Amino acid sequence: MHKDFFKYQAQTTPHPLAMEISHAKGCYIYDKKGKAYLDFVAGVSACSLGHAHPKVVDAIKAQLDKYMHVMVYGEYVQEPAVELTKLIGNHLPDPLESTYLVNSGTEAIEGSIKLARRYTGRSEIIAAKSAYHGNTMGSLSLMDYEERKTPFLPLIPDIKHITFNCEFCLQQITKHTAAVILETIQGGAGFIEPIANYLQKVEERCKAVGAVFILDEIQPGIGRTGKLFGFENYNCTPDIVVTGKGLGGGLPIGAFTASREMMLTLSDNPKLGHITTFGGNPVIAAAALATLNEITESKLIPQTLIKEKLIRKYLQHRHIKEIRGRGLMLAAIVENPEIANQVILRAQDEGLILFWLLFEPKAIRLTPPLTISEEEIIKACHIITSILDKI
């Protein structure tokens, strides 16, 4: 299997971790040799309820017995998708009520760009430096990292970049701007939070010039930051909110939500302004509905802030310069990339799964499932500090 992995499956890096997976349950992943690994990454913030959560599994099995794919998105009334979009709308502030379900976060970003351009009749999109919104052509166009973009040029035009948390830069948002798209918390850049009411000021500037304000909640959304949606922490309301990752309970999903008035512009002139075959798939929608119900009906959201305090308490070490982020979207910043690499690789040998961030090489990702226990947090922190003691 190991050889076939490298021969037949397309690779994303020259040196993948290549752990052979047997099964996963709760906050643990097991390899083919039976070794258990405490998962402190959650599939890169995707497995909000851990692995094989019984309510999610039951919802999937129940839907499988009814029907799977029956028609392209938006033509038939399929209960799981309707109930999911209704639940999302019920938990968002007005006028965010109409949700378009797609297959991934990056596809939701693509849809939101199209929607903003269609709604405003403008083309200019403003994104942040060091942002990451996905890897399809439109999402990649939003990135300012030329080394990653250059091999795929030309990308979509009329993209400008501002510095995250720079109030002066907001003057670049003008009546030529179709949309400003930001991550609520910058992920790949190192889990950088907005400060000094920055997102509120972006919202106000967008309103002043008639631009659409888009917030990428693919990582900070769905309970990870102590609120269901990360922007609820920062006194703002976007015109379009994009979700994905943790919404699916371990299955692939993305969604973008806007006002009904705005979303209707994708349905006419031209018809099928945005279309997807498998978006809103009933099995995936059922899994997402069970996930969102469990997160909103349990105490998991407020517990993320308690668990954050626990991580900050037990993860103190001379090699850790700071811990960035909020809730269970955290990154430990160490002195140099070599230390980060050693910790992440040695931790796997010690039965703990950690991972990197895209642009910040000194960061160690700490994004466990929301269901992680206090005992498991302490265990993970002890493994990390023990490794750091040996460096």
# chains A, B, ... in the order shown; residues from 1 in each chain; ligands from 1
call {"tool": "residues_around", "arguments": {"residues": "A:Ile88", "least_positions_apart": "4", "cutoff": "8 Å", "atoms": "only C-alpha atoms", "output": "number ranges by chain"}}
result
A: 84, 92, 97, 99
call {"tool": "residues_around", "arguments": {"residues": "stretch 278-290 of chain A", "least_positions_apart": "5", "cutoff": "10 Å", "atoms": "only C-alpha atoms", "output": "short mmCIF file (atom, residue, chain, number, x, y, z; two decimals) with C-alpha atoms, in the first residue's frame"}}
result
data_model
loop_
_atom_site.label_atom_id
_atom_site.label_comp_id
_atom_site.auth_asym_id
_atom_site.auth_seq_id
_atom_site.Cartn_x
_atom_site.Cartn_y
_atom_site.Cartn_z
CA HIS A 53 -18.92 10.91 15.87
CA PRO A 54 -21.95 8.65 16.43
CA LYS A 55 -24.55 11.33 15.63
CA VAL A 56 -22.82 12.17 12.36
CA VAL A 57 -22.38 8.51 11.42
CA ASP A 58 -26.03 7.76 12.22
CA ALA A 59 -27.18 10.70 10.10
CA ILE A 60 -25.07 9.50 7.16
CA LYS A 61 -26.38 5.92 7.42
CA ALA A 62 -29.98 7.06 7.70
CA GLN A 63 -29.65 9.23 4.59
CA LEU A 64 -27.93 6.46 2.63
CA ASP A 65 -31.02 4.31 3.11
CA LYS A 66 -33.21 7.07 1.60
CA TYR A 67 -31.35 8.47 -1.40
CA MET A 68 -27.99 9.84 -2.49
CA HIS A 69 -27.45 12.11 -5.49
CA VAL A 70 -30.65 12.64 -7.48
CA MET A 71 -30.32 15.95 -9.34
CA VAL A 72 -27.99 18.91 -9.85
CA TYR A 73 -28.06 21.60 -7.17
CA GLY A 74 -31.15 23.71 -6.69
CA GLN A 78 -34.06 17.68 -0.71
CA GLU A 79 -34.73 17.78 3.02
CA PRO A 80 -31.15 17.59 4.36
CA ALA A 81 -30.00 20.57 2.28
CA VAL A 82 -33.10 22.64 3.09
CA GLU A 83 -32.81 21.93 6.82
CA LEU A 84 -29.09 22.70 6.80
CA THR A 85 -29.45 26.03 5.02
CA LYS A 86 -32.35 26.94 7.31
CA LEU A 87 -30.26 26.18 10.39
CA ILE A 88 -27.33 28.23 9.07
CA TYR A 100 -25.51 28.23 -1.50
CA LEU A 101 -24.01 24.81 -0.69
CA VAL A 102 -20.96 23.66 -2.62
CA ASN A 103 -18.27 20.99 -2.35
CA SER A 104 -15.36 22.77 -0.69
CA GLU A 107 -15.40 26.58 -4.37
CA GLY A 244 -16.45 24.99 4.94
CA GLY A 246 -15.66 22.07 10.17
CA LEU A 247 -19.21 22.29 8.84
CA GLY A 248 -19.10 18.86 7.20
CA GLY A 249 -18.31 16.66 10.19
CA GLY A 250 -15.47 15.08 8.20
CA LEU A 251 -17.12 15.15 4.77
CA PRO A 252 -16.32 17.71 2.02
CA ILE A 253 -18.48 20.81 2.03
CA GLY A 254 -18.42 24.55 1.45
CA ALA A 255 -21.08 27.24 1.66
CA ILE A 295 -22.25 22.06 18.07
#
call {"tool": "residues_around", "arguments": {"residues": "A:Phe40", "least_positions_apart": "5", "cutoff": "6 Å", "atoms": "only C-alpha atoms", "output": "VMD selection string"}}
result
chain A and resid 353 to 354 366 to 368
call {"tool": "closest_residue", "arguments": {"among": "A:Gly50, A:Pro154, A:Gly26, A:Gly327", "to": "A:Thr291", "atoms": "only C-alpha atoms"}}
result
A:Gly50
call {"tool": "closest_residue", "arguments": {"among": "A:Asn197, A:Ser123, A:Thr136, A:Asn235", "to": "A:Ala211", "atoms": "only C-alpha atoms"}}
result
A:Ser123
call {"tool": "decode", "arguments": {"residues": "stretch 7-33 of chain A", "atoms": "N, CA and C atoms", "output": "PDB file, in the first residue's frame"}}
result
ATOM      1  N   LYS A   7       3.209   5.638  -6.035  1.00  0.00           N
ATOM      2  CA  LYS A   7       3.199   5.388  -7.467  1.00  0.00           C
ATOM      3  C   LYS A   7       1.934   5.903  -8.151  1.00  0.00           C
ATOM      4  N   TYR A   8       0.768   5.708  -7.507  1.00  0.00           N
ATOM      5  CA  TYR A   8      -0.489   5.963  -8.193  1.00  0.00           C
ATOM      6  C   TYR A   8      -1.234   7.215  -7.728  1.00  0.00           C
ATOM      7  N   GLN A   9      -1.015   7.629  -6.489  1.00  0.00           N
ATOM      8  CA  GLN A   9      -1.756   8.789  -5.991  1.00  0.00           C
ATOM      9  C   GLN A   9      -0.918  10.050  -6.172  1.00  0.00           C
ATOM     10  N   ALA A  10      -1.518  11.066  -6.791  1.00  0.00           N
ATOM     11  CA  ALA A  10      -0.795  12.321  -7.014  1.00  0.00           C
ATOM     12  C   ALA A  10      -0.341  12.904  -5.682  1.00  0.00           C
ATOM     13  N   GLN A  11       0.884  13.414  -5.664  1.00  0.00           N
ATOM     14  CA  GLN A  11       1.481  13.934  -4.437  1.00  0.00           C
ATOM     15  C   GLN A  11       1.422  15.464  -4.417  1.00  0.00           C
ATOM     16  N   THR A  12       1.293  16.018  -3.220  1.00  0.00           N
ATOM     17  CA  THR A  12       1.244  17.468  -3.073  1.00  0.00           C
ATOM     18  C   THR A  12       2.568  18.049  -2.571  1.00  0.00           C
ATOM     19  N   THR A  13       3.419  17.217  -2.004  1.00  0.00           N
ATOM     20  CA  THR A  13       4.750  17.647  -1.560  1.00  0.00           C
ATOM     21  C   THR A  13       5.754  16.544  -1.893  1.00  0.00           C
ATOM     22  N   PRO A  14       7.043  16.873  -1.898  1.00  0.00           N
ATOM     23  CA  PRO A  14       8.042  15.829  -2.153  1.00  0.00           C
ATOM     24  C   PRO A  14       8.150  14.803  -1.026  1.00  0.00           C
ATOM     25  N   HIS A  15       7.734  15.199   0.188  1.00  0.00           N
ATOM     26  CA  HIS A  15       7.923  14.315   1.337  1.00  0.00           C
ATOM     27  C   HIS A  15       6.664  14.268   2.212  1.00  0.00           C
ATOM     28  N   PRO A  16       5.586  13.633   1.756  1.00  0.00           N
ATOM     29  CA  PRO A  16       4.396  13.513   2.598  1.00  0.00           C
ATOM     30  C   PRO A  16       4.661  12.639   3.819  1.00  0.00           C
ATOM     31  N   LEU A  17       3.872  12.836   4.858  1.00  0.00           N
ATOM     32  CA  LEU A  17       4.069  12.083   6.098  1.00  0.00           C
ATOM     33  C   LEU A  17       3.822  10.590   5.909  1.00  0.00           C
ATOM     34  N   ALA A  18       2.889  10.242   5.029  1.00  0.00           N
ATOM     35  CA  ALA A  18       2.698   8.855   4.573  1.00  0.00           C
ATOM     36  C   ALA A  18       2.380   7.861   5.689  1.00  0.00           C
ATOM     37  N   MET A  19       1.658   8.294   6.704  1.00  0.00           N
ATOM     38  CA  MET A  19       1.177   7.355   7.713  1.00  0.00           C
ATOM     39  C   MET A  19       0.056   6.500   7.110  1.00  0.00           C
ATOM     40  N   GLU A  20       0.122   5.195   7.287  1.00  0.00           N
ATOM     41  CA  GLU A  20      -0.921   4.308   6.769  1.00  0.00           C
ATOM     42  C   GLU A  20      -2.035   4.191   7.800  1.00  0.00           C
ATOM     43  N   ILE A  21      -3.225   4.651   7.436  1.00  0.00           N
ATOM     44  CA  ILE A  21      -4.337   4.761   8.375  1.00  0.00           C
ATOM     45  C   ILE A  21      -5.163   3.479   8.405  1.00  0.00           C
ATOM     46  N   SER A  22      -5.434   3.009   9.596  1.00  0.00           N
ATOM     47  CA  SER A  22      -6.334   1.877   9.791  1.00  0.00           C
ATOM     48  C   SER A  22      -7.750   2.357  10.055  1.00  0.00           C
ATOM     49  N   HIS A  23      -7.916   3.193  11.089  1.00  0.00           N
ATOM     50  CA  HIS A  23      -9.228   3.733  11.426  1.00  0.00           C
ATOM     51  C   HIS A  23      -9.035   4.942  12.331  1.00  0.00           C
ATOM     52  N   ALA A  24     -10.117   5.635  12.587  1.00  0.00           N
ATOM     53  CA  ALA A  24     -10.061   6.821  13.449  1.00  0.00           C
ATOM     54  C   ALA A  24     -11.355   6.899  14.241  1.00  0.00           C
ATOM     55  N   LYS A  25     -11.245   7.289  15.494  1.00  0.00           N
ATOM     56  CA  LYS A  25     -12.420   7.386  16.355  1.00  0.00           C
ATOM     57  C   LYS A  25     -12.150   8.411  17.451  1.00  0.00           C
ATOM     58  N   GLY A  26     -13.134   9.253  17.692  1.00  0.00           N
ATOM     59  CA  GLY A  26     -12.974  10.275  18.716  1.00  0.00           C
ATOM     60  C   GLY A  26     -11.855  11.226  18.345  1.00  0.00           C
ATOM     61  N   CYS A  27     -10.910  11.419  19.240  1.00  0.00           N
ATOM     62  CA  CYS A  27      -9.778  12.315  18.982  1.00  0.00           C
ATOM     63  C   CYS A  27      -8.505  11.546  18.638  1.00  0.00           C
ATOM     64  N   TYR A  28      -8.674  10.305  18.183  1.00  0.00           N
ATOM     65  CA  TYR A  28      -7.504   9.476  17.870  1.00  0.00           C
ATOM     66  C   TYR A  28      -7.572   8.924  16.452  1.00  0.00           C
ATOM     67  N   ILE A  29      -6.393   8.830  15.845  1.00  0.00           N
ATOM     68  CA  ILE A  29      -6.214   8.164  14.558  1.00  0.00           C
ATOM     69  C   ILE A  29      -5.288   6.973  14.797  1.00  0.00           C
ATOM     70  N   TYR A  30      -5.574   5.849  14.153  1.00  0.00           N
ATOM     71  CA  TYR A  30      -4.810   4.619  14.369  1.00  0.00           C
ATOM     72  C   TYR A  30      -4.151   4.187  13.059  1.00  0.00           C
ATOM     73  N   ASP A  31      -2.883   3.801  13.149  1.00  0.00           N
ATOM     74  CA  ASP A  31      -2.207   3.328  11.948  1.00  0.00           C
ATOM     75  C   ASP A  31      -2.365   1.820  11.784  1.00  0.00           C
ATOM     76  N   LYS A  32      -1.805   1.288  10.701  1.00  0.00           N
ATOM     77  CA  LYS A  32      -1.976  -0.122  10.368  1.00  0.00           C
ATOM     78  C   LYS A  32      -1.299  -1.047  11.378  1.00  0.00           C
ATOM     79  N   LYS A  33      -0.389  -0.495  12.176  1.00  0.00           N
ATOM     80  CA  LYS A  33       0.286  -1.295  13.198  1.00  0.00           C
ATOM     81  C   LYS A  33      -0.453  -1.245  14.536  1.00  0.00           C
TER      82      LYS A  33
END
